[in-house]
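K.L.:
So here's work_29.cif, just mmCIF, C-alpha atoms:
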```cif
data_protein
#
loop_
_atom_site.label_atom_id
_atom_site.label_comp_id
_atom_site.auth_asym_id
_atom_site.auth_seq_id
_atom_site.Cartn_x
_atom_site.Cartn_y
_atom_site.Cartn_z
CA MET F 1 131.02 93.11 89.75
CA ALA F 2 127.40 92.80 90.83
CA ARG F 3 125.64 95.92 91.98
CA GLU F 4 124.15 94.95 95.30
CA ALA F 5 123.32 96.55 98.62
CA LYS F 6 122.21 95.60 102.12
CA VAL F 7 120.25 98.08 104.22
CA TYR F 8 119.22 97.73 107.83
CA ARG F 9 116.97 100.22 109.60
CA LYS F 10 115.70 100.05 113.16
CA THR F 11 113.59 102.71 114.84
CA SER F 12 111.19 102.71 117.77
CA GLU F 13 108.45 102.02 115.20
CA THR F 14 109.95 99.66 112.62
CA GLU F 15 112.74 97.18 111.91
CA ILE F 16 113.71 96.44 108.31
CA SER F 17 116.36 94.31 106.63
CA LEU F 18 116.57 94.73 102.85
CA GLU F 19 118.90 93.25 100.23
CA LEU F 20 118.94 94.30 96.58
CA ASN F 21 120.86 93.09 93.55
CA ILE F 22 120.01 94.84 90.26
CA ASP F 23 122.19 92.63 88.05
CA VAL F 24 120.91 89.19 88.97
CA PRO F 25 117.21 88.49 88.36
CA GLY F 26 115.81 86.58 91.27
CA GLY F 27 112.41 88.00 92.05
CA GLY F 28 111.29 88.94 95.51
CA ASP F 29 111.66 87.15 98.82
CA VAL F 30 109.47 89.59 100.70
CA SER F 31 107.80 89.47 104.10
CA THR F 32 106.89 92.90 105.44
CA THR F 33 103.86 91.74 107.51
CA ILE F 34 101.66 93.79 105.14
CA PRO F 35 100.31 91.35 102.50
CA PHE F 36 99.45 93.95 99.83
CA LEU F 37 102.86 95.63 100.14
CA ASP F 38 104.47 92.18 99.84
CA HIS F 39 102.53 91.58 96.64
CA MET F 40 103.64 94.90 95.11
CA LEU F 41 107.31 94.44 96.05
CA ARG F 42 107.40 90.90 94.68
CA LEU F 43 106.00 91.96 91.33
CA PHE F 44 108.32 95.00 91.34
CA ALA F 45 111.32 92.65 91.65
CA ARG F 46 109.97 90.25 89.04
CA HIS F 47 109.17 92.89 86.41
CA GLY F 48 112.33 94.91 87.08
CA PHE F 49 114.54 91.78 86.86
CA PHE F 50 115.92 92.50 90.33
CA SER F 51 116.70 90.28 93.30
CA LEU F 52 114.99 91.77 96.33
CA SER F 53 114.75 90.45 99.86
CA VAL F 54 112.79 92.32 102.52
CA LYS F 55 112.09 91.25 106.08
CA SER F 56 110.35 93.76 108.30
CA SER F 57 108.09 94.35 111.24
CA GLY F 58 106.56 97.42 112.77
CA ASP F 59 103.72 99.04 114.67
CA THR F 60 101.08 97.89 112.20
CA ASP F 61 98.63 97.59 115.07
CA VAL F 62 98.63 101.41 115.05
CA ASP F 63 98.69 101.94 111.28
CA TYR F 64 100.56 100.72 108.20
CA HIS F 65 102.00 104.20 107.56
CA HIS F 66 105.33 103.91 109.40
CA LEU F 67 106.27 100.55 107.92
CA VAL F 68 105.27 101.44 104.35
CA GLU F 69 107.24 104.70 104.51
CA ASP F 70 110.30 103.09 106.09
CA VAL F 71 110.39 100.29 103.50
CA GLY F 72 110.38 103.08 100.88
CA ILE F 73 113.31 104.72 102.70
CA CYS F 74 115.30 101.46 102.70
CA LEU F 75 114.58 100.69 99.05
CA GLY F 76 115.67 104.22 98.14
CA GLN F 77 118.91 103.87 100.12
CA ALA F 78 119.62 100.56 98.41
CA PHE F 79 119.15 102.04 94.93
CA LYS F 80 121.37 104.99 95.82
CA GLU F 81 124.10 102.57 96.87
CA VAL F 82 123.85 100.22 93.90
CA THR F 83 123.92 103.01 91.32
CA GLY F 84 127.00 104.57 92.95
CA ASP F 85 128.49 107.33 90.79
CA LYS F 86 126.15 106.29 87.95
CA GLN F 87 128.94 105.50 85.50
CA GLY F 88 127.76 103.89 82.29
CA ILE F 89 124.04 103.69 83.08
CA ASN F 90 121.22 104.85 80.82
CA ARG F 91 120.09 107.27 83.55
CA TYR F 92 116.57 107.67 82.12
CA GLY F 93 113.77 105.17 81.94
CA HIS F 94 110.12 105.23 80.91
CA ALA F 95 107.41 102.60 80.82
CA VAL F 96 103.70 102.47 80.09
CA VAL F 97 101.98 99.40 81.53
CA PRO F 98 98.37 98.24 81.32
CA MET F 99 96.72 96.14 83.98
CA ASP F 100 93.33 95.16 82.62
CA GLU F 101 91.30 98.42 82.55
CA SER F 102 94.08 100.49 84.20
CA LEU F 103 97.02 102.19 82.50
CA SER F 104 100.03 103.76 84.19
CA SER F 105 103.09 105.59 82.90
CA VAL F 106 106.24 106.03 84.96
CA SER F 107 109.35 108.03 84.10
CA VAL F 108 112.58 108.09 86.09
CA ASP F 109 115.81 110.06 86.03
CA VAL F 110 118.66 108.69 88.15
CA SER F 111 119.91 112.23 88.48
CA GLY F 112 120.97 112.57 92.11
CA ARG F 113 118.10 115.02 92.52
CA PRO F 114 115.09 113.65 94.43
CA TYR F 115 111.73 114.74 93.08
CA LEU F 116 108.33 113.10 93.01
CA VAL F 117 105.32 113.80 90.82
CA PHE F 118 102.49 111.47 91.79
CA ASN F 119 99.28 111.79 89.79
CA ALA F 120 97.01 108.98 90.93
CA ASP F 121 93.53 108.87 92.37
CA PHE F 122 92.21 105.85 94.21
CA GLU F 123 88.87 107.40 95.21
CA SER F 124 89.62 106.59 98.87
CA LYS F 125 88.82 102.91 98.32
CA ASN F 126 90.80 100.62 100.59
CA ILE F 127 92.13 97.31 99.33
CA ARG F 128 91.08 95.02 102.13
CA ASP F 129 92.51 97.02 105.08
CA PHE F 130 95.21 98.80 103.06
CA ASP F 131 94.92 102.50 102.20
CA PRO F 132 96.32 102.86 98.64
CA PHE F 133 97.27 106.50 99.29
CA LEU F 134 100.06 105.18 101.51
CA PHE F 135 101.96 104.56 98.28
CA LEU F 136 102.37 108.32 97.94
CA GLU F 137 104.39 108.14 101.18
CA PHE F 138 106.28 105.09 99.91
CA PHE F 139 107.35 106.78 96.67
CA LYS F 140 108.18 110.08 98.43
CA ALA F 141 110.44 108.19 100.84
CA PHE F 142 111.98 106.28 97.94
CA THR F 143 112.79 109.42 95.93
CA ASP F 144 114.11 111.36 98.92
CA HIS F 145 116.56 108.59 99.82
CA SER F 146 117.55 107.40 96.33
CA GLY F 147 118.15 110.81 94.76
CA ILE F 148 115.93 109.74 91.87
CA THR F 149 113.40 111.89 90.04
CA LEU F 150 110.18 109.91 89.65
CA HIS F 151 107.03 110.82 87.73
CA VAL F 152 104.06 108.51 88.29
CA ASN F 153 101.00 109.13 86.14
CA LEU F 154 98.00 106.89 86.46
CA GLU F 155 96.29 107.52 83.15
CA TYR F 156 93.01 105.82 84.01
CA GLY F 157 91.44 102.82 85.70
CA LYS F 158 88.60 101.66 87.90
CA ASN F 159 89.89 98.93 90.19
CA SER F 160 92.32 100.20 92.87
CA HIS F 161 94.26 96.94 92.93
CA HIS F 162 94.76 97.10 89.16
CA LYS F 163 95.74 100.77 89.33
CA ILE F 164 98.48 100.16 91.88
CA GLU F 165 99.70 97.04 90.12
CA ALA F 166 100.03 98.99 86.86
CA ILE F 167 102.01 101.67 88.72
CA PHE F 168 104.41 99.18 90.33
CA LYS F 169 104.99 97.25 87.11
CA ALA F 170 105.70 100.48 85.21
CA PHE F 171 107.95 101.64 88.06
CA ALA F 172 109.91 98.39 87.83
CA GLN F 173 110.27 98.54 84.05
CA ALA F 174 111.28 102.22 84.00
CA LEU F 175 113.81 101.79 86.80
CA ALA F 176 115.32 98.68 85.20
CA GLN F 177 115.79 100.62 81.98
CA ALA F 178 117.36 103.59 83.78
CA VAL F 179 119.90 101.60 85.83
CA ALA F 180 120.89 99.28 82.98
CA VAL F 181 124.50 99.56 81.86
CA ASN F 182 124.77 100.87 78.30
CA GLU F 183 127.99 100.29 76.34
CA LYS F 184 127.39 103.53 74.46
CA VAL F 185 127.50 105.56 77.67
CA LYS F 186 131.05 106.58 78.50
CA GLY F 187 131.52 107.72 82.08
CA ILE F 188 128.81 109.77 83.79
CA PRO F 189 125.66 110.32 81.67
CA SER F 190 125.68 114.11 82.06
CA THR F 191 127.30 117.03 80.27
CA LYS F 192 128.33 118.26 83.74
CA GLY F 193 130.47 115.17 84.24
CA VAL F 194 128.90 114.48 87.62
CA LEU F 195 125.49 113.50 88.98
#
```
So that I can check it, write out the structure of this file as structure tokens.

P.N.:
Amino acid sequence: MAREAKVYRKTSETEISLELNIDVPGGGDVSTTIPFLDHMLRLFARHGFFSLSVKSSGDTDVDYHHLVEDVGICLGQAFKEVTGDKQGINRYGHAVVPMDESLSSVSVDVSGRPYLVFNADFESKNIRDFDPFLFLEFFKAFTDHSGITLHVNLEYGKNSHHKIEAIFKAFAQALAQAVAVNEKVKGIPSTKGVL
């Protein structure tokens, strides 16, 4: 049975429809109205071997903040749903990914305990009109609503686009590893018997 989820969120600031399937690679059909966020979510789906569809709109005339954060909320809710009781999954994942001069490492624990460590500096350089520090809000929203522990460490880099791309590719690879079903794992991957 495929692990898939549909999430819909509507507030006075944003409206988001998101579909996720973590067992069928399909890439990303993404249109958030924020081109750089679209780019990151598409490569996240591609490098995580996920099928991801996102359609959204929001008060981007004010700022990108609300929409970026709310997409993170929806993606987190979708991952919480598709991992269910976490039976038979690896639980942990780790990836180190280069993007030209940039290098990022990401570690995840699908533990049921949300926690974010985000060590990345973008030197306040916007990418076109996008503030890269908004991804701190994206990942915080994701962890809070997925129950996943996430450690993002940007080791080094110069170009902000490359830095973020390395982060998202490592995030995709680590998460794919963590949610993969492992025949050696019997039941819940915890000595407590529950996550």

K.L.:
Please indicate the distance in Å from CA of Pro35 (chain F) to CA of Phe130 (chain F), rounded to one decimal place.

P.N.:
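Taking CA of Pro35 (chain F) and CA of Phe130 (chain F), their separation equals 9.0 Å.
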
K.L.:
Check what the PyMOL selection byres ((chain F and resi 60) around 12) selects in the file above and give those residues as a list in words.

P.N.:
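Output from the PyMOL selection byres ((chain F and resi 60) around 12), applied to this file: Glu13, Thr14, Glu15, Thr32, Thr33, Ile34, Pro35, Ser56, Ser57, Gly58, Asp59, Asp61, Val62, Asp63, Tyr64, His65, His66, Leu67, Val68, Glu69, Asp129 and Phe130 of chain F.
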
K.L.:
Could you spell out the hits of the PyMOL selection byres ((chain F and resi 98) around 12) on the shown file, as a list in words?

P.N.:
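Residues picked by the PyMOL selection byres ((chain F and resi 98) around 12): Ala95, Val96, Val97, Met99, Asp100, Glu101, Ser102, Leu103, Ser104, Ser105, Val106, Leu154, Glu155, Tyr156, Gly157, His162, Lys163, Ile164, Glu165, Ala166, Ile167, Phe168, Lys169 and Ala170 of chain F.
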
K.L.:
Store the residues picked out above, limited to C-alpha atoms, as a short mmCIF file (atom, residue, chain, number, x, y, z; two decimals), in the coordinates of the input.

P.N.:
```
data_model
loop_
_atom_site.label_atom_id
_atom_site.label_comp_id
_atom_site.auth_asym_id
_atom_site.auth_seq_id
_atom_site.Cartn_x
_atom_site.Cartn_y
_atom_site.Cartn_z
CA ALA F 95 107.41 102.60 80.82
CA VAL F 96 103.70 102.47 80.09
CA VAL F 97 101.98 99.40 81.53
CA MET F 99 96.72 96.14 83.98
CA ASP F 100 93.33 95.16 82.62
CA GLU F 101 91.30 98.42 82.55
CA SER F 102 94.08 100.49 84.20
CA LEU F 103 97.02 102.19 82.50
CA SER F 104 100.03 103.76 84.19
CA SER F 105 103.09 105.59 82.90
CA VAL F 106 106.24 106.03 84.96
CA LEU F 154 98.00 106.89 86.46
CA GLU F 155 96.29 107.52 83.15
CA TYR F 156 93.01 105.82 84.01
CA GLY F 157 91.44 102.82 85.70
CA HIS F 162 94.76 97.10 89.16
CA LYS F 163 95.74 100.77 89.33
CA ILE F 164 98.48 100.16 91.88
CA GLU F 165 99.70 97.04 90.12
CA ALA F 166 100.03 98.99 86.86
CA ILE F 167 102.01 101.67 88.72
CA PHE F 168 104.41 99.18 90.33
CA LYS F 169 104.99 97.25 87.11
CA ALA F 170 105.70 100.48 85.21
#
```

K.L.:
Mind checking which residues fall within 12 Å of Ala2 (chain F), counting all atoms listed in the file, ignoring those fewer than 2 positions away in the same chain, and posting them as a list of chain:residue names?

P.N.:
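Counting all atoms listed in the file, the residues come to F:Glu4, F:Ala5, F:Leu20, F:Asn21, F:Ile22, F:Asp23, F:Val24, F:Pro25, F:Phe50, F:Ser51, F:Glu81, F:Val82, F:Thr83, F:Gly84, F:Val181.
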
K.L.:
Restricting the calculation to all atoms listed in the file: of F:Ala178, F:Val152, F:Val194, F:Cys74, which residue gets closest to Arg9 (chain F)?

P.N.:
F:Cys74

K.L.:
Could you write out as a count of residues only the residues that the PyMOL selection byres ((chain F and resi 138) around 8) matches in the shown file?

P.N.:
14

K.L.:
Between CA of Thr11 (chain F) and CA of Ser31 (chain F), what distance in Å does the model show, to one decimal?

P.N.:
18.0 Å

K.L.:
For a test of reading the model, state the distance in Å between CA of Asn90 (chain F) and CA of Val117 (chain F), rounded to one decimal.

P.N.:
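Answer for the CA of Asn90 (chain F) to CA of Val117 (chain F) separation: 20.8 Å.
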
K.L.:
Within 9 Å of Tyr92 (chain F), counting all atoms listed in the file, which residues qualify if same-chain residues fewer than 2 places away don't, as a PDB file with C-alpha atoms, keeping the file's coordinate frame?

P.N.:
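Okay, part.pdb is ready:
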```pdb
ATOM      1  CA  ILE F  89     124.040 103.690  83.080  1.00  0.00           C
ATOM      2  CA  ASN F  90     121.220 104.850  80.820  1.00  0.00           C
ATOM      3  CA  HIS F  94     110.120 105.230  80.910  1.00  0.00           C
ATOM      4  CA  SER F 107     109.350 108.030  84.100  1.00  0.00           C
ATOM      5  CA  VAL F 108     112.580 108.090  86.090  1.00  0.00           C
ATOM      6  CA  ASP F 109     115.810 110.060  86.030  1.00  0.00           C
ATOM      7  CA  VAL F 110     118.660 108.690  88.150  1.00  0.00           C
ATOM      8  CA  SER F 111     119.910 112.230  88.480  1.00  0.00           C
ATOM      9  CA  ALA F 174     111.280 102.220  84.000  1.00  0.00           C
ATOM     10  CA  LEU F 175     113.810 101.790  86.800  1.00  0.00           C
ATOM     11  CA  GLN F 177     115.790 100.620  81.980  1.00  0.00           C
ATOM     12  CA  ALA F 178     117.360 103.590  83.780  1.00  0.00           C
ATOM     13  CA  VAL F 179     119.900 101.600  85.830  1.00  0.00           C
TER      14      VAL F 179
END
```

K.L.:
Set the distance at 9 Å and use all atoms listed in the file: which residues neighbour Asn126 (chain F) once local chain neighbours fewer than 6 positions away are removed? I'd like the list as a PyMOL selection string.

P.N.:
chain F and resi 132-133+160

K.L.:
Kindly save the residues from that selection, with C-alpha atoms included, as an mmCIF file, keeping the file's coordinate frame.

P.N.:
```cif
data_model
loop_
_atom_site.group_PDB
_atom_site.id
_atom_site.type_symbol
_atom_site.label_atom_id
_atom_site.label_comp_id
_atom_site.auth_asym_id
_atom_site.auth_seq_id
_atom_site.Cartn_x
_atom_site.Cartn_y
_atom_site.Cartn_z
ATOM 1 C CA PRO F 132 96.320 102.860 98.640
ATOM 2 C CA PHE F 133 97.270 106.500 99.290
ATOM 3 C CA SER F 160 92.320 100.200 92.870
#
```

K.L.:
Could you check which of F:Gly193, F:Gly48, F:Gly76, F:Gly28 is closest to Asp144 (chain F), using all atoms listed in the file?

P.N.:
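Answer, going by the shortest atom-to-atom distance: F:Gly76.
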
K.L.:
Quick one: of F:Gln77, F:Ser17, F:Gln173, F:Asn153, who's nearest to His47 (chain F), counting all atoms listed in the file?

P.N.:
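Looking only at the distances to His47 (chain F), the closest residue turns out to be F:Gln173.
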
K.L.:
Excluding Phe49 (chain F) and residues on its chain fewer than 4 positions from it, collect all residues at most 7 Å away from it, counting all atoms listed in the file, and give them as a PDB file with C-alpha atoms, in the coordinates of the input.

P.N.:
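The resulting file, out.pdb, is reproduced below:
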```pdb
ATOM      1  CA  PRO F  25     117.210  88.490  88.360  1.00  0.00           C
ATOM      2  CA  GLY F  26     115.810  86.580  91.270  1.00  0.00           C
ATOM      3  CA  GLY F  27     112.410  88.000  92.050  1.00  0.00           C
ATOM      4  CA  ALA F  45     111.320  92.650  91.650  1.00  0.00           C
TER       5      ALA F  45
END
```
